[in-house]
Amino acid sequence: MAFEIEIATDPVISIEATSLRQKLDLAADAVEACDPLKAIQHLDAVLAEKPDTHQARLVMAQALTLLDETEEACKHLEKASRRAGQDLQKQFEVALAFAECGEKKRAEEIYRKLMRKEPRIASARINLASILDERGETQAAVDLVSEVIEMFPDNAEAYSNLGRYLANAAMFDESEACYRRALILKPDLIQAAVNLGSMLQNAGRTQEAIQLYQQALSLTPHNAKILWNLALALLATGDIENGWDLYGYGFESGTRTPLRPFPGLIWKDEDLAGKTIFLWREQGLGDDFRFSTVYHDIVERAGHVIIETDPRVVPLYQRTWPGATVRAETRLASGFENYGEIDFDLTAPAAMPSIHLRRSLDAFPKNPPRLVACPEKRARARDWLSSLGPRPKIGITWRSGISNALRDLYATQLSDWKPLLDDDRFDIVSLQYSKPEEELAKAGQELGITIHEMPGLDTHDDLEGVAALLCELDLTVGSWNAATEMAGALGANALVFAPIENANQLGTGSLPWYPSLTVYPQAPFWDREALVSLFRKEAAKRLIG
């Protein structure tokens, strides 16, 4: 017996409970519209009259999860599980709901219980495999879906999930074969088409990905995940206007976070004269630096600007925009009635100014305003660098702060940089985020190289200090990450390697946001030795002549 993955509607409600069915439908619609309070009103009425309504418990858990009330959500799911008894279909639905509210361990327990009772429940194995993969047990996940394929050779979902695990392990050819097999078995399996497109984008085959997304949209025109992926693919190929027009689907798909709807207050490019606009961080730290390059335009247009950002960045932004109010992010949203007093007229997530004001390459300034680093910290960094001697000083960052198979395609190890690190014409300074001490010690012992670390500088927490150091270095080289994004926003010179056809390159092979960065796009499985050699030659040309 193989259950469908979709949550089924509850058939328990009797004829006399038509109003309850209407309330259930209204509650589900409210959750879909991100209005959990309205959903809870309807669900309270349903459960007061019929406490055993299985579907009401599931939707209540969804609503409470939107409010970050995970503990209360789980109480409803535990009640649903107890009342489901031996009904395997309902237990499966409860496991799905636990997973959706973040309680993956509880979902795993139920999936394993279902597998013991009925070993041929394919969907329980498939969903359990996803949980295992998320926590890094990829081989166990592969084993589970392989078992499903052995039992059910025509199970398209198993092939699709296997393709995803292989793609995440950067095994692109094998992944593509699995996705193609899934789509042969089930041409309307949207998730397989979406994930195949994503894999093709990661492999630098963006035009093929666009074709897949467009085909999938013919079957499901309003699929937020497809539209979000299509937005990134269009931006990557230089179709900037159409890409920006779809960018908002990042929130609907759950990729851009946090969701802060602020009903009726979202800025839509109207006149800001005399008005207060509130800008807030979404996505990662590097994204925030990139999108902050457009804040200069907003500050010029608005009566007043409020900016929420990572606490480590608040002093940097406040110095850059002294007339603005800059504060540490709260991640609260008026759409959930937990923001407090509204102290602005309009609001926008960080990317929205770019969506409105950077709709063509011509809209990017050739010499943009810069973030302003702390003068005292710059002086301290300058004095320390001078103490190292007269040679040019090059900062280096060799990887992202997050490691997985896909990110590691564009990461390096210090051993890759030995030709540059051994070059006695330069002094090399670490800018690496995310605790590189062991790597630096190992490089010193095994490679006989010296990379300087600025005394007292915590490259993770002291972003003011990192900004100051970036401004005083002669050049920065390395990975496209938060440090090099900051370098670009500061106007500091850097040589950066980045994935080919990335959305932020806008089809240019460079980063139009940052004229001071020279970008070298790389395809997967790129030649690190050749790139380091190129960086070394370019550094010598710029700094020595």
# chains A, B, ... in the order shown; residues from 1 in each chain; ligands from 1
>>> residues_around(residues="Asp173 in chain A", least_positions_apart="3", cutoff="12 Å", atoms="only C-alpha atoms", output="JSON list (two decimals) with all heavy atoms, in the first residue's frame")
[["chain", "number", "residue", "atom", "x", "y", "z"],
["A", 163, "GLY", "N", 17.30, 11.62, -7.44],
["A", 163, "GLY", "CA", 17.97, 12.65, -8.23],
["A", 163, "GLY", "C", 18.37, 13.84, -7.40],
["A", 163, "GLY", "O", 19.46, 14.41, -7.57],
["A", 164, "ARG", "N", 17.51, 14.20, -6.44],
["A", 164, "ARG", "CA", 17.82, 15.35, -5.57],
["A", 164, "ARG", "C", 19.02, 15.08, -4.69],
["A", 164, "ARG", "O", 19.91, 15.92, -4.52],
["A", 164, "ARG", "CB", 16.60, 15.71, -4.73],
["A", 164, "ARG", "CG", 16.82, 16.85, -3.74],
["A", 164, "ARG", "CD", 15.50, 17.47, -3.35],
["A", 164, "ARG", "NE", 14.57, 16.50, -2.82],
["A", 164, "ARG", "CZ", 14.50, 16.15, -1.53],
["A", 164, "ARG", "NH1", 15.33, 16.67, -0.65],
["A", 164, "ARG", "NH2", 13.59, 15.28, -1.13],
["A", 166, "LEU", "N", 21.47, 13.00, -5.25],
["A", 166, "LEU", "CA", 22.66, 12.95, -6.08],
["A", 166, "LEU", "C", 23.07, 14.35, -6.52],
["A", 166, "LEU", "O", 24.27, 14.67, -6.59],
["A", 166, "LEU", "CB", 22.42, 12.05, -7.29],
["A", 166, "LEU", "CG", 22.19, 10.57, -6.98],
["A", 166, "LEU", "CD1", 21.76, 9.81, -8.23],
["A", 166, "LEU", "CD2", 23.44, 9.94, -6.37],
["A", 167, "ALA", "N", 22.09, 15.21, -6.80],
["A", 167, "ALA", "CA", 22.41, 16.59, -7.18],
["A", 167, "ALA", "C", 23.07, 17.32, -6.03],
["A", 167, "ALA", "O", 24.04, 18.07, -6.21],
["A", 167, "ALA", "CB", 21.14, 17.32, -7.61],
["A", 168, "ASN", "N", 22.56, 17.11, -4.81],
["A", 168, "ASN", "CA", 23.14, 17.76, -3.64],
["A", 168, "ASN", "C", 24.56, 17.27, -3.36],
["A", 168, "ASN", "O", 25.35, 17.96, -2.71],
["A", 168, "ASN", "CB", 22.28, 17.52, -2.40],
["A", 168, "ASN", "CG", 20.97, 18.28, -2.47],
["A", 168, "ASN", "OD1", 20.82, 19.22, -3.24],
["A", 168, "ASN", "ND2", 19.98, 17.86, -1.69],
["A", 169, "ALA", "N", 24.87, 16.07, -3.87],
["A", 169, "ALA", "CA", 26.23, 15.55, -3.76],
["A", 169, "ALA", "C", 27.08, 15.93, -4.97],
["A", 169, "ALA", "O", 28.19, 15.43, -5.13],
["A", 169, "ALA", "CB", 26.19, 14.03, -3.62],
["A", 170, "ALA", "N", 26.55, 16.84, -5.82],
["A", 170, "ALA", "CA", 27.25, 17.33, -7.02],
["A", 170, "ALA", "C", 27.52, 16.21, -8.02],
["A", 170, "ALA", "O", 28.44, 16.30, -8.82],
["A", 170, "ALA", "CB", 28.54, 18.04, -6.65],
["A", 176, "GLU", "N", 20.77, 13.83, -13.18],
["A", 176, "GLU", "CA", 19.95, 14.11, -14.36],
["A", 176, "GLU", "C", 19.27, 12.84, -14.87],
["A", 176, "GLU", "O", 18.09, 12.86, -15.25],
["A", 176, "GLU", "CB", 20.80, 14.72, -15.47],
["A", 176, "GLU", "CG", 20.01, 15.05, -16.72],
["A", 176, "GLU", "CD", 20.82, 15.77, -17.78],
["A", 176, "GLU", "OE1", 22.03, 16.00, -17.56],
["A", 176, "GLU", "OE2", 20.24, 16.09, -18.84],
["A", 177, "ALA", "N", 19.99, 11.73, -14.87],
["A", 177, "ALA", "CA", 19.41, 10.47, -15.33],
["A", 177, "ALA", "C", 18.20, 10.08, -14.48],
["A", 177, "ALA", "O", 17.18, 9.61, -15.01],
["A", 177, "ALA", "CB", 20.47, 9.37, -15.30],
["A", 178, "CYS", "N", 18.30, 10.29, -13.15],
["A", 178, "CYS", "CA", 17.18, 9.96, -12.27],
["A", 178, "CYS", "C", 15.98, 10.87, -12.53],
["A", 178, "CYS", "O", 14.83, 10.41, -12.60],
["A", 178, "CYS", "CB", 17.60, 10.07, -10.81],
["A", 178, "CYS", "SG", 18.71, 8.75, -10.26],
["A", 179, "TYR", "N", 16.24, 12.16, -12.66],
["A", 179, "TYR", "CA", 15.14, 13.08, -12.93],
["A", 179, "TYR", "C", 14.46, 12.76, -14.26],
["A", 179, "TYR", "O", 13.23, 12.79, -14.37],
["A", 179, "TYR", "CB", 15.65, 14.52, -12.95],
["A", 179, "TYR", "CG", 15.95, 15.11, -11.59],
["A", 179, "TYR", "CD1", 17.13, 15.82, -11.37],
["A", 179, "TYR", "CD2", 15.05, 14.98, -10.53],
["A", 179, "TYR", "CE1", 17.41, 16.38, -10.14],
["A", 179, "TYR", "CE2", 15.33, 15.54, -9.29],
["A", 179, "TYR", "CZ", 16.51, 16.24, -9.10],
["A", 179, "TYR", "OH", 16.78, 16.79, -7.87],
["A", 180, "ARG", "N", 15.26, 12.48, -15.28],
["A", 180, "ARG", "CA", 14.68, 12.17, -16.59],
["A", 180, "ARG", "C", 13.82, 10.90, -16.51],
["A", 180, "ARG", "O", 12.75, 10.83, -17.13],
["A", 180, "ARG", "CB", 15.79, 11.99, -17.62],
["A", 180, "ARG", "CG", 16.70, 13.19, -17.85],
["A", 180, "ARG", "CD", 16.03, 14.27, -18.63],
["A", 180, "ARG", "NE", 16.97, 15.36, -18.93],
["A", 180, "ARG", "CZ", 16.60, 16.56, -19.36],
["A", 180, "ARG", "NH1", 15.31, 16.83, -19.55],
["A", 180, "ARG", "NH2", 17.50, 17.50, -19.61],
["A", 196, "LEU", "N", 15.12, 19.22, -11.43],
["A", 196, "LEU", "CA", 16.02, 19.05, -12.58],
["A", 196, "LEU", "C", 16.47, 20.42, -13.08],
["A", 196, "LEU", "O", 17.65, 20.63, -13.37],
["A", 196, "LEU", "CB", 15.33, 18.27, -13.69],
["A", 196, "LEU", "CG", 16.10, 18.14, -15.00],
["A", 196, "LEU", "CD1", 17.47, 17.51, -14.79],
["A", 196, "LEU", "CD2", 15.29, 17.33, -16.03],
["A", 199, "MET", "N", 19.06, 21.75, -10.75],
["A", 199, "MET", "CA", 20.34, 21.08, -10.95],
["A", 199, "MET", "C", 21.03, 21.60, -12.21],
["A", 199, "MET", "O", 22.24, 21.85, -12.22],
["A", 199, "MET", "CB", 20.13, 19.57, -11.06],
["A", 199, "MET", "CG", 21.40, 18.74, -11.14],
["A", 199, "MET", "SD", 22.11, 18.65, -12.81],
["A", 199, "MET", "CE", 20.86, 17.68, -13.64],
["A", 200, "LEU", "N", 20.27, 21.81, -13.27],
["A", 200, "LEU", "CA", 20.85, 22.34, -14.51],
["A", 200, "LEU", "C", 21.41, 23.74, -14.29],
["A", 200, "LEU", "O", 22.47, 24.09, -14.84],
["A", 200, "LEU", "CB", 19.80, 22.34, -15.62],
["A", 200, "LEU", "CG", 19.34, 20.95, -16.10],
["A", 200, "LEU", "CD1", 18.17, 21.08, -17.06],
["A", 200, "LEU", "CD2", 20.50, 20.19, -16.76],
["A", 203, "ALA", "N", 24.64, 23.46, -12.68],
["A", 203, "ALA", "CA", 25.65, 22.95, -13.61],
["A", 203, "ALA", "C", 25.98, 23.95, -14.71],
["A", 203, "ALA", "O", 26.76, 23.64, -15.62],
["A", 203, "ALA", "CB", 25.15, 21.65, -14.24]]
>>> closest_atom_pairs(of="range 241-306 of chain A", to="range 463-481 of chain A", cutoff="12 Å", atoms="only C-alpha atoms", output="CSV")
residue,atom,partner,partner_atom,distance
A:Gly284,CA,A:Asn481,CA,10.1
A:Leu285,CA,A:Asn481,CA,9.0
A:Gly286,CA,A:Asn481,CA,6.4
A:Asp287,CA,A:Asn481,CA,9.4
A:Asp288,CA,A:Asn481,CA,11.7
A:Phe289,CA,A:Asn481,CA,10.6
A:Arg290,CA,A:Asn481,CA,10.9
>>> closest_residue(among="A:Asp343, A:Asp458, A:Asp427, A:Glu529", to="Gln413 in chain A", atoms="only C-alpha atoms")
A:Glu529
>>> residues_around(residues="Ser387 in chain A", least_positions_apart="5", cutoff="12 Å", atoms="only C-alpha atoms", output="ChimeraX atom specification")
/A:380-382,393,427,452,454-455
>>> select_by_dssp(residues="range 286-315 of chain A", states="alpha helix (DSSP H)", output="list in words")
Gly286, Asp287, Asp288, Phe289, Arg290, Phe291, Ser292, Tyr295, His296, Asp297, Ile298, Val299, Glu300, Arg301, Val314 and Pro315 of chain A
>>> write_last_selection(atoms="N, CA and C atoms", output="compact mmCIF listing (two decimals), in the first residue's frame")
# COMPACT_ATOMS: atom_id res chain seq x y z
N GLY A 286 25.53 38.39 2.94
CA GLY A 286 26.07 38.87 1.67
C GLY A 286 25.02 39.54 0.82
N ASP A 287 23.81 38.96 0.80
CA ASP A 287 22.70 39.57 0.06
C ASP A 287 22.38 40.95 0.63
N ASP A 288 22.46 41.09 1.94
CA ASP A 288 22.14 42.37 2.56
C ASP A 288 23.13 43.45 2.12
N PHE A 289 24.41 43.10 2.08
CA PHE A 289 25.40 44.07 1.60
C PHE A 289 25.10 44.46 0.15
N ARG A 290 24.77 43.46 -0.67
CA ARG A 290 24.53 43.73 -2.09
C ARG A 290 23.34 44.66 -2.25
N PHE A 291 22.23 44.32 -1.60
CA PHE A 291 21.03 45.13 -1.78
C PHE A 291 21.14 46.49 -1.08
N SER A 292 22.03 46.59 -0.10
CA SER A 292 22.21 47.89 0.57
C SER A 292 22.79 48.93 -0.38
N TYR A 295 20.20 51.27 -1.16
CA TYR A 295 19.66 52.10 -0.08
C TYR A 295 20.03 53.56 -0.24
N HIS A 296 21.19 53.81 -0.86
CA HIS A 296 21.60 55.20 -1.09
C HIS A 296 20.51 55.95 -1.87
N ASP A 297 19.92 55.29 -2.87
CA ASP A 297 18.87 55.91 -3.66
C ASP A 297 17.64 56.20 -2.80
N ILE A 298 17.30 55.25 -1.92
CA ILE A 298 16.11 55.40 -1.09
C ILE A 298 16.29 56.54 -0.10
N VAL A 299 17.48 56.65 0.48
CA VAL A 299 17.75 57.73 1.44
C VAL A 299 17.60 59.09 0.77
N GLU A 300 17.99 59.20 -0.49
CA GLU A 300 17.85 60.47 -1.21
C GLU A 300 16.39 60.81 -1.49
N ARG A 301 15.56 59.79 -1.66
CA ARG A 301 14.17 60.01 -2.07
C ARG A 301 13.21 60.19 -0.90
N VAL A 314 24.93 47.06 12.24
CA VAL A 314 24.23 48.30 12.59
C VAL A 314 25.17 49.51 12.61
N PRO A 315 26.34 49.48 13.29
CA PRO A 315 27.19 50.67 13.32
C PRO A 315 27.68 51.07 11.92
>>> atom_distance(atom1="CA of Ala487 in chain A", atom2="CA of Asp245 in chain A")
28.4 Å
>>> select_by_dssp(residues="range 416-467 of chain A", states="strand (DSSP E)", output="list in words")
Asp427, Ile428, Val429 and Ser430 of chain A
>>> write_last_selection(atoms="N, CA and C atoms", output="compact mmCIF listing (two decimals), in the first residue's frame")
# COMPACT_ATOMS: atom_id res chain seq x y z
N ASP A 427 52.53 40.21 1.27
CA ASP A 427 52.12 39.71 2.58
C ASP A 427 50.64 39.34 2.47
N ILE A 428 50.27 38.15 2.97
CA ILE A 428 48.91 37.65 2.85
C ILE A 428 48.23 37.71 4.22
N VAL A 429 47.00 38.22 4.24
CA VAL A 429 46.25 38.45 5.47
C VAL A 429 44.93 37.69 5.39
N SER A 430 44.59 36.97 6.46
CA SER A 430 43.35 36.19 6.48
C SER A 430 42.14 37.09 6.71
>>> closest_residue(among="A:Gly85, A:Gly303, A:Pro263, A:Pro369", to="Ala333 in chain A", atoms="only C-alpha atoms")
A:Pro263
>>> decode(residues="range 320-332 of chain A", atoms="all heavy atoms", output="compact mmCIF listing (two decimals), in the first residue's frame")
# COMPACT_ATOMS: atom_id res chain seq x y z
N THR A 320 27.11 55.12 7.61
CA THR A 320 26.92 55.37 6.18
C THR A 320 25.71 56.27 5.93
O THR A 320 25.76 57.15 5.06
CB THR A 320 26.75 54.04 5.43
OG1 THR A 320 27.89 53.21 5.67
CG2 THR A 320 26.58 54.26 3.95
N TRP A 321 24.63 56.05 6.68
CA TRP A 321 23.42 56.84 6.52
C TRP A 321 23.07 57.49 7.85
O TRP A 321 22.16 57.05 8.57
CB TRP A 321 22.28 55.94 6.04
CG TRP A 321 22.57 55.32 4.70
CD1 TRP A 321 22.63 55.96 3.50
CD2 TRP A 321 22.87 53.95 4.44
NE1 TRP A 321 22.94 55.07 2.49
CE2 TRP A 321 23.09 53.83 3.04
CE3 TRP A 321 22.96 52.81 5.24
CZ2 TRP A 321 23.42 52.62 2.43
CZ3 TRP A 321 23.29 51.60 4.64
CH2 TRP A 321 23.51 51.51 3.25
N PRO A 322 23.80 58.55 8.23
CA PRO A 322 23.62 59.14 9.57
C PRO A 322 22.22 59.71 9.80
O PRO A 322 21.78 59.82 10.96
CB PRO A 322 24.69 60.24 9.63
CG PRO A 322 25.03 60.51 8.19
CD PRO A 322 24.85 59.22 7.46
N GLY A 323 21.52 60.05 8.75
CA GLY A 323 20.17 60.59 8.92
C GLY A 323 19.11 59.53 9.06
O GLY A 323 17.95 59.85 9.37
N ALA A 324 19.47 58.28 8.83
CA ALA A 324 18.52 57.18 8.94
C ALA A 324 18.48 56.65 10.37
O ALA A 324 19.38 56.92 11.18
CB ALA A 324 18.90 56.07 7.97
N THR A 325 17.46 55.90 10.67
CA THR A 325 17.39 55.14 11.91
C THR A 325 17.79 53.70 11.59
O THR A 325 17.09 53.03 10.82
CB THR A 325 15.97 55.16 12.51
OG1 THR A 325 15.61 56.51 12.81
CG2 THR A 325 15.90 54.32 13.77
N VAL A 326 18.91 53.24 12.15
CA VAL A 326 19.39 51.89 11.88
C VAL A 326 19.33 51.11 13.19
O VAL A 326 19.83 51.57 14.21
CB VAL A 326 20.83 51.89 11.33
CG1 VAL A 326 21.26 50.46 10.99
CG2 VAL A 326 20.93 52.77 10.09
N ARG A 327 18.71 49.93 13.14
CA ARG A 327 18.53 49.16 14.37
C ARG A 327 18.66 47.67 14.09
O ARG A 327 18.56 47.22 12.95
CB ARG A 327 17.18 49.47 15.01
CG ARG A 327 15.98 49.16 14.13
CD ARG A 327 14.73 49.87 14.62
NE ARG A 327 13.54 49.48 13.88
CZ ARG A 327 12.43 50.19 13.81
NH1 ARG A 327 12.35 51.36 14.45
NH2 ARG A 327 11.38 49.76 13.13
N ALA A 328 18.93 46.92 15.14
CA ALA A 328 19.06 45.47 15.01
C ALA A 328 17.71 44.87 14.63
O ALA A 328 16.66 45.29 15.12
CB ALA A 328 19.56 44.87 16.33
N GLU A 329 17.76 43.88 13.76
CA GLU A 329 16.54 43.27 13.25
C GLU A 329 15.75 42.58 14.36
O GLU A 329 16.32 42.01 15.28
CB GLU A 329 16.88 42.27 12.15
CG GLU A 329 17.79 41.15 12.58
CD GLU A 329 18.35 40.37 11.39
OE1 GLU A 329 17.99 40.68 10.26
OE2 GLU A 329 19.17 39.47 11.63
N THR A 330 14.43 42.64 14.23
CA THR A 330 13.54 41.96 15.17
C THR A 330 12.83 40.78 14.52
O THR A 330 12.36 39.88 15.20
CB THR A 330 12.47 42.92 15.71
OG1 THR A 330 11.62 43.33 14.62
CG2 THR A 330 13.10 44.13 16.35
N ARG A 331 12.67 40.83 13.20
CA ARG A 331 12.00 39.78 12.42
C ARG A 331 10.52 39.65 12.77
O ARG A 331 9.89 38.63 12.51
CB ARG A 331 12.71 38.43 12.58
CG ARG A 331 14.18 38.48 12.19
CD ARG A 331 14.90 37.18 12.48
NE ARG A 331 14.60 36.16 11.49
CZ ARG A 331 15.25 36.01 10.34
NH1 ARG A 331 16.23 36.83 10.02
NH2 ARG A 331 14.92 35.05 9.51
N LEU A 332 9.94 40.69 13.37
CA LEU A 332 8.52 40.69 13.68
C LEU A 332 7.75 41.34 12.53
O LEU A 332 8.26 42.20 11.83
CB LEU A 332 8.25 41.45 14.97
CG LEU A 332 8.92 40.88 16.22
CD1 LEU A 332 8.63 41.77 17.43
CD2 LEU A 332 8.43 39.46 16.49
